[in-house]
Structures are given as C-alpha cells and as structure tokens.
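structure-v7.txt (compact mmCIF, C-alpha atoms) appears below.
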```
# COMPACT_ATOMS: atom_id res chain seq x y z
CA MET A 1 100.57 92.08 110.76
CA ILE A 2 99.13 90.62 113.96
CA LEU A 3 102.25 88.55 114.53
CA LEU A 4 104.55 91.45 113.64
CA THR A 5 102.72 93.62 116.16
CA SER A 6 102.94 90.86 118.74
CA SER A 7 106.70 90.73 118.21
CA VAL A 8 106.89 94.45 119.02
CA ALA A 9 104.87 93.78 122.20
CA MET A 10 107.20 90.93 123.13
CA VAL A 11 110.37 92.94 122.67
CA LEU A 12 108.84 95.80 124.69
CA ALA A 13 108.09 93.30 127.47
CA LEU A 14 111.78 92.37 127.64
CA ALA A 15 112.91 96.00 127.44
CA HIS A 16 110.60 97.04 130.29
CA LEU A 17 111.74 94.12 132.42
CA ARG A 18 115.38 95.10 131.92
CA ASP A 19 114.46 98.64 132.95
CA GLY A 20 112.98 97.25 136.16
CA ASN A 21 109.33 97.83 135.24
CA ARG A 22 107.87 94.39 135.95
CA ARG A 23 104.23 95.46 135.77
CA ALA A 24 104.61 96.95 132.28
CA SER A 25 106.56 93.88 131.23
CA ILE A 26 103.72 91.57 132.29
CA ALA A 27 101.17 93.81 130.53
CA TRP A 28 103.14 93.57 127.28
CA LEU A 29 103.49 89.80 127.69
CA LEU A 30 99.71 89.51 128.05
CA THR A 31 99.29 91.73 124.99
CA THR A 32 101.58 89.41 123.06
CA ALA A 33 99.58 86.36 124.14
CA TRP A 34 96.32 88.08 123.23
CA LEU A 35 97.60 88.92 119.74
CA GLY A 36 98.71 85.29 119.35
CA ILE A 37 95.20 84.16 120.28
CA CYS A 38 93.76 86.61 117.72
CA PHE A 39 96.05 85.09 115.09
CA LEU A 40 94.83 81.59 115.96
CA ILE A 41 91.18 82.70 115.80
CA LEU A 42 91.76 84.20 112.35
CA LYS A 43 93.48 81.00 111.27
CA ALA A 44 90.49 78.96 112.44
CA VAL A 45 88.12 81.23 110.48
CA GLU A 46 90.35 80.91 107.41
CA TYR A 47 90.45 77.10 107.68
CA ASN A 48 86.68 76.96 108.09
CA GLN A 49 86.20 79.08 104.98
CA HIS A 50 88.64 77.01 102.90
CA LEU A 51 87.08 73.74 104.02
CA HIS A 52 83.63 75.00 103.00
CA GLU A 53 85.07 75.99 99.62
CA GLY A 54 86.32 72.42 99.15
CA LEU A 55 90.03 72.98 99.83
CA THR A 56 90.81 70.00 102.05
CA PRO A 57 94.21 68.47 102.89
CA SER A 58 93.55 65.60 100.49
CA VAL A 59 92.13 67.49 97.52
CA ASN A 60 95.46 68.30 95.87
CA VAL A 61 99.15 68.94 96.54
CA PHE A 62 98.56 72.60 97.40
CA GLY A 63 95.88 71.69 99.93
CA SER A 64 98.14 69.15 101.56
CA ALA A 65 101.11 71.53 101.71
CA TYR A 66 98.95 74.48 102.81
CA TYR A 67 97.43 72.70 105.80
CA THR A 68 100.71 71.04 106.78
CA VAL A 69 102.78 74.21 106.71
CA THR A 70 100.24 76.61 108.20
CA GLY A 71 98.98 73.98 110.65
CA PHE A 72 102.42 73.28 112.07
CA HIS A 73 103.05 77.01 112.31
CA ALA A 74 99.73 77.56 114.11
CA ALA A 75 100.62 74.75 116.52
CA HIS A 76 103.86 76.56 117.33
CA VAL A 77 101.92 79.79 117.87
CA ALA A 78 99.62 77.93 120.28
CA VAL A 79 102.62 76.56 122.20
CA GLY A 80 104.07 80.08 122.29
CA VAL A 81 100.84 81.53 123.67
CA ILE A 82 100.77 78.91 126.46
CA TRP A 83 104.45 79.54 127.22
CA ILE A 84 104.00 83.33 127.33
CA LEU A 85 100.95 83.02 129.59
CA SER A 86 102.83 80.68 131.90
CA VAL A 87 105.71 83.16 132.15
CA ALA A 88 103.44 86.20 132.57
CA LEU A 89 101.05 84.65 135.08
CA GLY A 90 102.78 81.63 136.61
CA LEU A 91 106.27 83.04 137.02
CA ARG A 92 105.45 86.71 137.49
CA ARG A 93 106.97 86.85 140.98
CA ARG A 94 110.27 85.52 139.66
CA LEU A 95 110.56 88.11 136.91
CA SER A 96 113.27 90.67 137.55
CA PRO A 97 115.98 92.48 135.58
CA GLN A 98 118.48 89.95 136.98
CA ASN A 99 116.33 87.04 135.85
CA ASP A 100 115.23 88.21 132.42
CA VAL A 101 116.28 84.98 130.73
CA LEU A 102 112.73 83.65 131.22
CA VAL A 103 111.30 86.40 129.04
CA GLU A 104 114.27 86.46 126.69
CA THR A 105 113.95 82.74 125.91
CA VAL A 106 110.23 82.82 125.18
CA GLY A 107 110.83 86.05 123.25
CA LEU A 108 113.40 84.41 120.98
CA TYR A 109 110.97 81.54 120.39
CA TRP A 110 108.17 83.98 119.56
CA HIS A 111 110.29 86.08 117.20
CA PHE A 112 111.41 82.92 115.42
CA VAL A 113 107.77 81.88 114.95
CA ASP A 114 107.19 85.37 113.53
CA LEU A 115 110.24 85.03 111.29
CA VAL A 116 108.95 81.74 109.89
CA TRP A 117 105.57 83.36 109.25
CA VAL A 118 107.26 86.03 107.09
CA ALA A 119 108.46 83.23 104.79
CA ILE A 120 105.17 81.29 104.91
CA PHE A 121 103.14 84.42 104.19
CA MET A 122 105.21 85.15 101.10
CA VAL A 123 105.25 81.61 99.71
CA VAL A 124 101.67 80.53 100.51
CA TYR A 125 99.68 83.75 100.23
CA LEU A 126 101.54 86.04 97.84
CA MET A 127 103.48 83.99 95.29
CA ARG A 128 101.60 82.93 92.18
CA MET B 1 111.34 102.62 124.69
CA GLY B 2 111.93 105.34 122.17
CA GLY B 3 115.68 105.00 121.95
CA THR B 4 116.37 107.20 124.96
CA SER B 5 116.52 104.73 127.81
CA VAL B 6 119.61 102.75 128.56
CA SER B 7 119.50 99.16 129.69
CA THR B 8 121.08 98.22 132.95
CA ASP B 9 124.24 96.14 133.04
CA ARG B 10 123.74 92.79 131.46
CA PRO B 11 122.32 90.40 134.01
CA GLU B 12 123.97 87.15 134.78
CA GLY B 13 122.64 84.25 132.77
CA THR B 14 122.56 85.95 129.39
CA VAL B 15 125.58 85.19 127.34
CA GLY B 16 127.42 87.08 124.68
CA ALA B 17 125.34 90.25 124.52
CA LYS B 18 126.69 93.71 125.13
CA ALA B 19 124.94 96.38 127.17
CA HIS B 20 123.24 98.64 124.64
CA ARG B 21 120.61 101.31 124.25
CA HIS B 22 117.17 100.00 123.49
CA PRO B 23 116.53 100.56 119.79
CA ASN B 24 113.28 102.26 118.87
CA TYR B 25 111.28 99.03 118.70
CA VAL B 26 108.04 100.78 117.78
CA LEU B 27 109.75 102.38 114.78
CA VAL B 28 111.09 98.98 113.72
CA GLY B 29 107.55 97.61 114.01
CA ILE B 30 106.16 100.44 111.88
CA VAL B 31 108.82 99.79 109.22
CA LEU B 32 107.87 96.09 109.26
CA ILE B 33 104.19 96.93 108.74
CA VAL B 34 104.99 99.37 105.91
CA LEU B 35 107.13 96.68 104.25
CA THR B 36 104.23 94.23 104.58
CA ILE B 37 101.82 96.72 102.95
CA LEU B 38 104.29 97.22 100.09
CA GLU B 39 104.74 93.46 99.82
CA VAL B 40 101.00 92.89 99.48
CA SER B 41 100.69 95.80 97.04
CA VAL B 42 103.31 94.34 94.71
CA ILE B 43 101.08 91.43 93.69
CA SER B 44 98.63 93.82 92.03
CA LEU B 45 101.32 95.69 90.09
CA PRO B 46 102.48 94.76 86.58
CA VAL B 47 106.06 94.09 87.70
CA PRO B 48 108.06 90.89 88.17
CA GLN B 49 106.83 89.76 91.57
CA LEU B 50 109.43 87.28 92.73
CA PRO B 51 112.39 89.68 93.17
CA PHE B 52 110.24 92.20 95.04
CA LEU B 53 108.58 89.59 97.26
CA LEU B 54 111.94 88.01 98.09
CA GLY B 55 113.45 91.42 98.75
CA PHE B 56 110.68 92.51 101.11
CA ALA B 57 110.67 89.17 102.93
CA ILE B 58 114.46 89.22 103.39
CA ALA B 59 114.32 92.83 104.62
CA LYS B 60 111.58 91.96 107.12
CA GLY B 61 113.44 88.85 108.27
CA LEU B 62 116.67 90.79 108.77
CA LEU B 63 114.89 93.49 110.80
CA ILE B 64 113.38 90.83 113.08
CA LEU B 65 116.72 89.07 113.44
CA MET B 66 118.84 92.15 114.00
CA TYR B 67 116.57 94.11 116.34
CA PHE B 68 113.91 91.86 117.88
CA MET B 69 116.22 88.85 118.24
CA HIS B 70 119.03 91.37 118.97
CA LEU B 71 121.57 89.62 116.75
CA LYS B 72 122.93 93.09 115.95
CA PHE B 73 123.93 93.56 119.60
CA ASP B 74 125.05 90.01 120.36
CA SER B 75 128.41 88.38 120.04
CA ARG B 76 129.63 88.07 116.46
CA LEU B 77 129.82 84.32 117.06
CA TYR B 78 126.01 84.12 116.97
CA ALA B 79 125.90 85.91 113.63
CA VAL B 80 128.43 83.43 112.26
CA LEU B 81 126.44 80.50 113.66
CA PHE B 82 123.33 81.89 112.01
CA ALA B 83 124.97 82.67 108.68
CA TYR B 84 127.10 79.64 107.97
CA PRO B 85 124.29 77.10 107.27
CA TRP B 86 122.74 79.33 104.60
CA PRO B 87 125.22 78.51 101.80
CA LEU B 88 124.78 74.82 102.65
CA ALA B 89 120.99 75.17 102.56
CA LEU B 90 121.09 77.01 99.24
CA LEU B 91 123.46 74.37 97.85
CA LEU B 92 121.08 71.61 98.98
CA VAL B 93 118.03 73.32 97.47
CA GLY B 94 119.96 73.98 94.26
CA MET B 95 120.97 70.33 94.03
CA LEU B 96 117.38 69.20 94.65
CA ILE B 97 116.11 71.49 91.89
CA TRP B 98 118.87 70.22 89.60
CA VAL B 99 117.99 66.58 90.38
CA TYR B 100 114.26 67.27 89.94
CA PHE B 101 114.66 68.84 86.52
CA GLY B 102 117.27 66.24 85.60
CA PHE B 103 114.76 63.45 86.17
CA ARG B 104 112.01 65.33 84.32
CA ALA B 105 114.25 65.86 81.29
```
Structure rendered as structure tokens:
Amino acid sequence: MILLTSSVAMVLALAHLRDGNRRASIAWLLTTAWLGICFLILKAVEYNQHLHEGLTPSVNVFGSAYYTVTGFHAAHVAVGVIWILSVALGLRRRLSPQNDVLVETVGLYWHFVDLVWVAIFMVVYLMR
Amino acid sequence: MGGTSVSTDRPEGTVGAKAHRHPNYVLVGIVLIVLTILEVSVISLPVPQLPFLLGFAIAKGLLILMYFMHLKFDSRLYAVLFAYPWPLALLLVGMLIWVYFGFRA
C-alpha cells in the first residue's frame, strides 16, 4: 500500500507540473521519495525478522528466491528514490510544464517498480 | 486533480500522447487500495485463491498501466508494443512447464 500511495503522489507531481504548479509538484515528488524510503525501512525490518527466524538465502529454495526477488526489487526502489530526489532537489529550477519529461521519465520508472511489486506481493506473500 | 482541471497543450519532448483531462488519480489510488484489501482478505476465505489473486493483481496492474502510466491516453502503438510480448511470454512459460513435467514424468 505504501508503494501504491507513492504512485499516486508521483502522478500528482506530474499533473501539478503540467498545470504550472512547480512548488506542489516538488512537494509531491518529495512525498513519493519519502514513501519509498518508508518502504525500504519496512523491508529492512522484515529482512531482519526473517534472518532472526532462520530464513536465510541459503536455507532453502524459497529463501533464495525470496531474497533475490525482493532484494532486486528493493534495489530498484532505492535507485528510484535517489532519482526522484535528484529531480526534485537537483533539477528543481529546470522543472516546467514545457520540460516535464524529467518527471515523466522518473514517474514511468516508479510506476513500473510499483507494477512489479503488485506481482511480487501476490506470488511471494499471498500465494500458498 | 479531481478530474476538473485540463492539462495544457502537450509540451514538446513527449511523444505520442494526446492532451487530456487529468483523471481522478486519488480515486484510482483508493480503488487500488480497496483491491489490495480484498486481495489480502481472500487468503482467509474458503474459496479457490488462485483465480481471485490473479484477478485482483491483473486489475491492479491494468489500473496502474492505464492511468498512472497513462497508456490509456497514449498512442495506440504503445499499447500494441506492450501487449504483443505477452502471448510469447505465456507460450514460453507454458513450454517450460510442459518440459518440467515432461522430465519429471
């Protein structure tokens, strides 16, 4: 739900930028990055708990697949957070309705990471 | 962004998209969260889980694709580019499953 909410924040950032509201756009970008950081913190807590319970990458096939799939996804979330922060803070003066491709590109990346999480969530956490 | 504002003309540098009203993104987000709650609830119900889980996941994925990734408002070419690998992917997965069970048998 954190990533789904962050996708809403991201798409609102793009919509506000296209409407000429750069300040609101940057605020939504920062919200998106913050939600991504929250997701990564929760993932770290989850890993810590699983490792203490004995579920390591080498214990069985599920452990190996679980850490590989969720770990690669978390790495992509981390890259997305850095990218969003760089756009929101580093390139904020260049953001304008005529130059929205910066936000659109990172937005498409972020939504795709969210889309992949929908599949991972179902396969890893819900299917039995 | 409640479906009332209209985007400006498409800026240069973005290809293939049409000028369109902003959809109600918050509503789409609420629908996604409700679908997720239903998805999680299904696992505690005495019903076949796989069809429901797949259905909810596909619905969520389509909402993200159509509205957040604005495939619904983009050129039809993008939809075709997105859709055409799926039959190939399903064929590949089907063949792998067939080979796997073939070797086990």
In the coordinate frame of the file, compute which residues have an atom within 12 Å of (109.4, 93.4, 122.4) when using all atoms listed in the file, and state them as a compact mmCIF listing (two decimals) with C-alpha atoms, in the frame of the given file.
```
# COMPACT_ATOMS: atom_id res chain seq x y z
CA LEU A 3 102.25 88.55 114.53
CA LEU A 4 104.55 91.45 113.64
CA THR A 5 102.72 93.62 116.16
CA SER A 6 102.94 90.86 118.74
CA SER A 7 106.70 90.73 118.21
CA VAL A 8 106.89 94.45 119.02
CA ALA A 9 104.87 93.78 122.20
CA MET A 10 107.20 90.93 123.13
CA VAL A 11 110.37 92.94 122.67
CA LEU A 12 108.84 95.80 124.69
CA ALA A 13 108.09 93.30 127.47
CA LEU A 14 111.78 92.37 127.64
CA ALA A 15 112.91 96.00 127.44
CA HIS A 16 110.60 97.04 130.29
CA LEU A 17 111.74 94.12 132.42
CA ARG A 18 115.38 95.10 131.92
CA ALA A 24 104.61 96.95 132.28
CA SER A 25 106.56 93.88 131.23
CA ILE A 26 103.72 91.57 132.29
CA ALA A 27 101.17 93.81 130.53
CA TRP A 28 103.14 93.57 127.28
CA LEU A 29 103.49 89.80 127.69
CA LEU A 30 99.71 89.51 128.05
CA THR A 31 99.29 91.73 124.99
CA THR A 32 101.58 89.41 123.06
CA VAL A 103 111.30 86.40 129.04
CA GLU A 104 114.27 86.46 126.69
CA VAL A 106 110.23 82.82 125.18
CA GLY A 107 110.83 86.05 123.25
CA LEU A 108 113.40 84.41 120.98
CA TRP A 110 108.17 83.98 119.56
CA HIS A 111 110.29 86.08 117.20
CA MET B 1 111.34 102.62 124.69
CA HIS B 22 117.17 100.00 123.49
CA PRO B 23 116.53 100.56 119.79
CA ASN B 24 113.28 102.26 118.87
CA TYR B 25 111.28 99.03 118.70
CA VAL B 26 108.04 100.78 117.78
CA LEU B 27 109.75 102.38 114.78
CA VAL B 28 111.09 98.98 113.72
CA GLY B 29 107.55 97.61 114.01
CA ILE B 64 113.38 90.83 113.08
CA TYR B 67 116.57 94.11 116.34
CA PHE B 68 113.91 91.86 117.88
CA MET B 69 116.22 88.85 118.24
CA HIS B 70 119.03 91.37 118.97
```
>> Between CA of Leu53 in chain B and CA of Leu55 in chain A, what is the distance in Å, rounded to a tenth?
In response: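 CA of Leu55 in chain A lies at a distance of 25.0 Å from CA of Leu53 in chain B.
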> Do you have the CA of Pro87 in chain B-CA of Met122 in chain A distance handy?
Replying inline: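 Value for the CA of Pro87 in chain B-CA of Met122 in chain A distance: 21.1 Å.
Between CA of Arg22 in chain A and CA of Pro97 in chain A the separation is 8.3 Å.
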>> Please determine, counting all atoms listed in the file, which residue among A:Gln98, A:Thr105, A:Gln49, A:Asn60 has the shortest atom-to-atom distance to chain B.
In response: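 Among A:Gln98, A:Thr105, A:Gln49, A:Asn60, it is A:Gln98 that comes nearest to chain B.
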>> So that I can see what lies close to Glu39 in chain B, please list as a list in words the residues with an atom at most 8 Å from it, counting only C-alpha atoms and leaving out residues fewer than 5 positions away in the same chain.
In response: Phe52, Leu53, Phe56 and Ala57 of chain B
Could you write those residues out with C-alpha atoms, as a compact mmCIF listing (two decimals), keeping the file's coordinate frame?
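And here's part_14.txt as it stands now:
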```
# COMPACT_ATOMS: atom_id res chain seq x y z
CA PHE B 52 110.24 92.20 95.04
CA LEU B 53 108.58 89.59 97.26
CA PHE B 56 110.68 92.51 101.11
CA ALA B 57 110.67 89.17 102.93
```
> From the list A:Gly20, A:Gly80, A:Gly36, A:Pro57, which residue is nearest chain B when using all atoms listed in the file?
Replying inline: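 Closest candidate: A:Gly20.
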> Contacts of Val79 in chain A at 12 Å or less, counting all atoms listed in the file, minus same-chain residues fewer than 4 places along, as a count of residues only?
Replying inline: 16
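Using all atoms listed in the file for every distance, the candidate list B:Val47, B:Val40, B:Val31, B:Ala79 yields B:Val40 as the residue closest to chain A.
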> With only C-alpha atoms as the basis for distance, which of A:Val77, A:Val61, A:Leu51, A:Met1 is at the shortest distance from Phe112 in chain A?
Replying inline: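 Result for the nearest residue to Phe112 in chain A: A:Val77.
Comparing the minimum interatomic distances between chain A and each of B:Val34, B:Leu90, B:Ile97, B:Ala83, counting all atoms listed in the file, we find that B:Val34 sits nearest.
If you measure from each of B:Leu88, B:Val99, B:Leu62, B:Leu45 to chain A using all atoms listed in the file, the closest one turns out to be B:Leu62.
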